[in-house]
Amino acid sequence: MSRFERPLFSSWRAVILHRPHPAVEALTRQLESLHIEVKAVWPQLDVRDALADVVFFDADMGHDQQFPWPSGFSPMPLVALIGSEAPGRIEWVLAQGSNAHMLKPIGSTGAYSALLIASHAYHKARSHADDIRALEDRLRQRPIVVSAVLQLMQQGYAGEATAFKRLRSIAMDWGMTIEEAADAICRNDRRTLER
């Protein structure tokens with residue numbers, strides 16, 4: 001299990017997407033005590049706000065058009081500020097891809113743990129999404145691997161297992177993926193003909 005590294009919040013910028021409210025003031029005090037630069041906005045984020053390190057948003061009055069990105073695709077951790085636990089509001093918060101939450105009324109604590117949890121959850125989700133994209137790319141390239149194995153068999157590598165072993169050997173020798181080596185073979189790259 002890899003150890004979670006705590007971010008250095010002193011260099012962070014936070015945006016609070018919430019109508020003027022005592023919750024905004026309380027949260028701002030907590031964040032500023034962590035040396036985080038804070039900006040409160042309402043009724044929506046603009047494109048510059050997408051450069052923030054974290055966004056806290058009002059779950060009670062929030063709606064999709066407040067964000068300059070598609071629902072569920074935020075470029076930073078999101079923390080929902082929840083006052084109403086109505087199922088529809090919670091579903092909307094989850095659809096936004098919220099990484100953590102704080103219950104209103106906001107007091108004098110809670111921001112630090114919400115930041116840590118949101119940061120960890122966001123980076124873990126991004127890592128999983130990157131892994132899935134890489135696997136999907138490899139899956140899309142499987143037909144070229146089959147073509148390369150067939151081509152190697154036609155070049156005299158007897159049997160599928162022997163041809164695949166040669167493909168794996170080429171990939172290891174060149175320091176590339178099997179899919180990249182398969183593409184080179186299918187393009188008749190001269191290096192693939194060397195034995």
# chains A, B, ... in the order shown; residues from 1 in each chain; ligands from 1
call {"tool": "residues_around", "arguments": {"residues": "segment 73-82 of chain A", "least_positions_apart": "3", "cutoff": "7 Å", "atoms": "only C-alpha atoms", "output": "number ranges by chain"}}
result
A: 50, 53-60, 69-70, 93, 98-104, 118-119, 122
call {"tool": "write_last_selection", "arguments": {"atoms": "N, CA and C atoms", "output": "compact mmCIF listing (two decimals), in the first residue's frame"}}
result
# COMPACT_ATOMS: atom_id res chain seq x y z
N ALA A 50 -11.10 27.66 -12.80
CA ALA A 50 -10.71 26.27 -13.08
C ALA A 50 -9.22 26.04 -12.82
N ASP A 53 -6.86 25.15 -6.88
CA ASP A 53 -6.43 23.83 -6.42
C ASP A 53 -7.57 23.03 -5.82
N VAL A 54 -8.62 23.72 -5.37
CA VAL A 54 -9.78 23.05 -4.79
C VAL A 54 -10.98 23.98 -4.93
N VAL A 55 -12.16 23.38 -5.10
CA VAL A 55 -13.40 24.15 -5.13
C VAL A 55 -14.35 23.58 -4.09
N PHE A 56 -14.83 24.46 -3.22
CA PHE A 56 -15.90 24.14 -2.28
C PHE A 56 -17.18 24.68 -2.93
N PHE A 57 -18.24 23.89 -2.96
CA PHE A 57 -19.45 24.37 -3.63
C PHE A 57 -20.70 24.08 -2.81
N ASP A 58 -21.69 24.94 -2.98
CA ASP A 58 -22.96 24.83 -2.27
C ASP A 58 -23.78 23.69 -2.88
N ALA A 59 -24.03 22.67 -2.10
CA ALA A 59 -24.81 21.54 -2.57
C ALA A 59 -26.30 21.84 -2.57
N ASP A 60 -26.73 22.82 -1.78
CA ASP A 60 -28.15 23.09 -1.63
C ASP A 60 -28.74 23.89 -2.79
N TRP A 69 -17.05 23.00 -16.76
CA TRP A 69 -16.63 21.68 -17.25
C TRP A 69 -17.84 20.78 -17.19
N PRO A 70 -17.81 19.67 -17.93
CA PRO A 70 -18.94 18.73 -17.88
C PRO A 70 -19.08 18.10 -16.50
N VAL A 93 -24.79 16.05 -5.99
CA VAL A 93 -23.42 16.21 -5.48
C VAL A 93 -22.54 15.07 -6.00
N SER A 98 -17.98 14.97 -6.52
CA SER A 98 -17.48 15.50 -5.25
C SER A 98 -16.56 14.48 -4.58
N ASN A 99 -15.43 14.97 -4.08
CA ASN A 99 -14.44 14.10 -3.45
C ASN A 99 -14.53 14.07 -1.93
N ALA A 100 -15.23 15.03 -1.36
CA ALA A 100 -15.43 15.10 0.09
C ALA A 100 -16.58 16.06 0.35
N HIS A 101 -16.96 16.16 1.60
CA HIS A 101 -18.04 17.09 1.93
C HIS A 101 -17.85 17.65 3.34
N MET A 102 -18.52 18.75 3.57
CA MET A 102 -18.61 19.34 4.90
C MET A 102 -20.08 19.64 5.14
N LEU A 103 -20.55 19.35 6.35
CA LEU A 103 -21.94 19.62 6.69
C LEU A 103 -22.07 21.05 7.19
N LYS A 104 -23.14 21.72 6.74
CA LYS A 104 -23.45 23.06 7.25
C LYS A 104 -24.38 22.89 8.44
N ALA A 118 -10.43 15.03 0.18
CA ALA A 118 -10.74 15.39 -1.20
C ALA A 118 -9.51 15.24 -2.10
N SER A 119 -8.35 15.70 -1.62
CA SER A 119 -7.13 15.60 -2.41
C SER A 119 -6.78 14.15 -2.68
N TYR A 122 -9.43 12.53 -5.06
CA TYR A 122 -9.31 13.06 -6.42
C TYR A 122 -8.12 12.43 -7.14
call {"tool": "select_by_dssp", "arguments": {"residues": "segment 7-188 of chain A", "states": "helix (DSSP H, G or I)", "output": "number ranges by chain"}}
result
A: 9-11, 22-33, 47-51, 64-66, 87-96, 111-140, 142-154, 160-174, 178-186
call {"tool": "write_last_selection", "arguments": {"atoms": "C-alpha atoms", "output": "CSV table (one decimal), in the first residue's frame"}}
result
chain,number,residue,atom,x,y,z
A,9,PHE,CA,-1.7,23.7,1.4
A,10,SER,CA,0.2,26.9,1.9
A,11,SER,CA,0.6,27.3,-1.9
A,22,PRO,CA,-22.0,32.8,7.3
A,23,ALA,CA,-20.8,29.4,6.1
A,24,VAL,CA,-18.6,31.2,3.6
A,25,GLU,CA,-17.1,33.4,6.3
A,26,ALA,CA,-16.4,30.4,8.6
A,27,LEU,CA,-14.9,28.4,5.8
A,28,THR,CA,-12.8,31.3,4.7
A,29,ARG,CA,-11.3,31.7,8.2
A,30,GLN,CA,-10.4,28.0,8.4
A,31,LEU,CA,-8.8,28.0,4.9
A,32,GLU,CA,-6.9,31.3,5.6
A,33,SER,CA,-5.6,29.8,8.8
A,47,VAL,CA,-12.7,29.8,-16.6
A,48,ARG,CA,-10.0,31.4,-14.4
A,49,ASP,CA,-11.5,29.6,-11.4
A,50,ALA,CA,-10.7,26.3,-13.1
A,51,LEU,CA,-7.1,27.0,-12.2
A,64,ASP,CA,-24.8,22.0,-13.4
A,65,GLN,CA,-24.4,25.3,-15.3
A,66,GLN,CA,-22.3,26.7,-12.4
A,87,PRO,CA,-31.8,12.5,-1.8
A,88,GLY,CA,-31.9,14.5,-5.0
A,89,ARG,CA,-29.4,17.0,-3.7
A,90,ILE,CA,-27.0,14.2,-2.6
A,91,GLU,CA,-27.4,12.5,-6.0
A,92,TRP,CA,-26.5,15.8,-7.7
A,93,VAL,CA,-23.4,16.2,-5.5
A,94,LEU,CA,-22.3,12.7,-6.4
A,95,ALA,CA,-22.9,13.4,-10.1
A,96,GLN,CA,-20.5,16.4,-9.9
A,111,ALA,CA,-11.8,22.1,6.4
A,112,TYR,CA,-8.4,20.5,6.9
A,113,SER,CA,-9.7,16.9,7.0
A,114,ALA,CA,-12.0,17.7,4.0
A,115,LEU,CA,-9.0,19.0,2.1
A,116,LEU,CA,-7.0,15.9,2.8
A,117,ILE,CA,-9.8,13.5,2.0
A,118,ALA,CA,-10.7,15.4,-1.2
A,119,SER,CA,-7.1,15.6,-2.4
A,120,HIS,CA,-6.5,11.9,-1.8
A,121,ALA,CA,-9.8,10.8,-3.4
A,122,TYR,CA,-9.3,13.1,-6.4
A,123,HIS,CA,-5.8,11.9,-7.1
A,124,LYS,CA,-6.8,8.2,-6.6
A,125,ALA,CA,-9.7,8.6,-9.0
A,126,ARG,CA,-7.5,10.3,-11.6
A,127,SER,CA,-4.9,7.5,-11.3
A,128,HIS,CA,-7.6,4.9,-11.8
A,129,ALA,CA,-9.0,6.8,-14.8
A,130,ASP,CA,-5.5,7.0,-16.3
A,131,ASP,CA,-5.0,3.2,-15.8
A,132,ILE,CA,-8.4,2.5,-17.4
A,133,ARG,CA,-7.5,4.7,-20.4
A,134,ALA,CA,-4.1,2.9,-20.8
A,135,LEU,CA,-5.8,-0.5,-20.7
A,136,GLU,CA,-8.5,0.6,-23.2
A,137,ASP,CA,-5.7,1.8,-25.5
A,138,ARG,CA,-4.0,-1.6,-25.2
A,139,LEU,CA,-7.2,-3.4,-25.9
A,140,ARG,CA,-7.8,-1.3,-29.0
A,142,ARG,CA,-4.9,-6.1,-29.8
A,143,PRO,CA,-5.8,-6.6,-33.5
A,144,ILE,CA,-2.3,-5.3,-34.5
A,145,VAL,CA,-0.8,-7.8,-32.0
A,146,VAL,CA,-2.6,-10.6,-33.7
A,147,SER,CA,-1.5,-9.3,-37.2
A,148,ALA,CA,2.1,-9.2,-36.0
A,149,VAL,CA,2.0,-12.7,-34.6
A,150,LEU,CA,0.5,-14.0,-37.9
A,151,GLN,CA,3.2,-12.1,-39.9
A,152,LEU,CA,6.0,-13.6,-37.7
A,153,MET,CA,4.5,-17.1,-38.3
A,154,GLN,CA,4.7,-16.4,-42.0
A,160,GLU,CA,1.6,-19.0,-32.4
A,161,ALA,CA,3.6,-19.4,-29.1
A,162,THR,CA,6.9,-19.2,-30.8
A,163,ALA,CA,5.8,-16.1,-32.8
A,164,PHE,CA,4.5,-14.4,-29.7
A,165,LYS,CA,7.7,-15.2,-27.9
A,166,ARG,CA,9.6,-13.4,-30.7
A,167,LEU,CA,7.3,-10.5,-30.5
A,168,ARG,CA,7.8,-10.2,-26.7
A,169,SER,CA,11.6,-10.5,-27.3
A,170,ILE,CA,11.5,-7.6,-29.8
A,171,ALA,CA,9.5,-5.5,-27.4
A,172,MET,CA,11.9,-6.2,-24.5
A,173,ASP,CA,15.0,-5.6,-26.7
A,174,TRP,CA,13.7,-2.2,-27.9
A,178,ILE,CA,4.2,-5.4,-27.1
A,179,GLU,CA,1.7,-3.2,-29.0
A,180,GLU,CA,4.4,-0.8,-30.2
A,181,ALA,CA,6.6,-3.7,-31.3
A,182,ALA,CA,3.6,-5.3,-33.1
A,183,ASP,CA,3.0,-2.0,-34.9
A,184,ALA,CA,6.7,-1.9,-36.0
A,185,ILE,CA,6.5,-5.5,-37.3
A,186,CYS,CA,3.3,-4.7,-39.3
call {"tool": "atom_distance", "arguments": {"atom1": "atom CA of Ala52 of chain A", "atom2": "atom CA of Ala14 of chain A"}}
result
5.7 Å
call {"tool": "select_by_dssp", "arguments": {"residues": "chain A", "states": "strand (DSSP E or B)", "output": "PyMOL selection string"}}
result
chain A and resi 13-17+37-41+54-58+78-82+100-103
call {"tool": "residues_around", "arguments": {"residues": "Met61 of chain A", "least_positions_apart": "6", "cutoff": "10 Å", "atoms": "only C-alpha atoms", "output": "list in words"}}
result
His18, Arg19, Pro43, Ile82, Gly83, Ser84 and Arg89 of chain A
call {"tool": "write_last_selection", "arguments": {"atoms": "C-alpha atoms", "output": "short mmCIF file (atom, residue, chain, number, x, y, z; two decimals), in the first residue's frame"}}
result
data_model
loop_
_atom_site.label_atom_id
_atom_site.label_comp_id
_atom_site.auth_asym_id
_atom_site.auth_seq_id
_atom_site.Cartn_x
_atom_site.Cartn_y
_atom_site.Cartn_z
CA HIS A 18 -21.58 29.75 -2.50
CA ARG A 19 -23.99 32.65 -2.10
CA PRO A 43 -23.49 32.33 -8.95
CA ILE A 82 -24.17 20.20 2.39
CA GLY A 83 -27.02 21.66 4.38
CA SER A 84 -29.93 19.62 3.06
CA ARG A 89 -29.36 17.00 -3.67
#
call {"tool": "atom_distance", "arguments": {"atom1": "atom CA of Glu85 of chain A", "atom2": "atom CA of Ala40 of chain A"}}
result
23.2 Å
call {"tool": "atom_distance", "arguments": {"atom1": "atom CA of Gly110 of chain A", "atom2": "atom CA of Lys39 of chain A"}}
result
18.3 Å
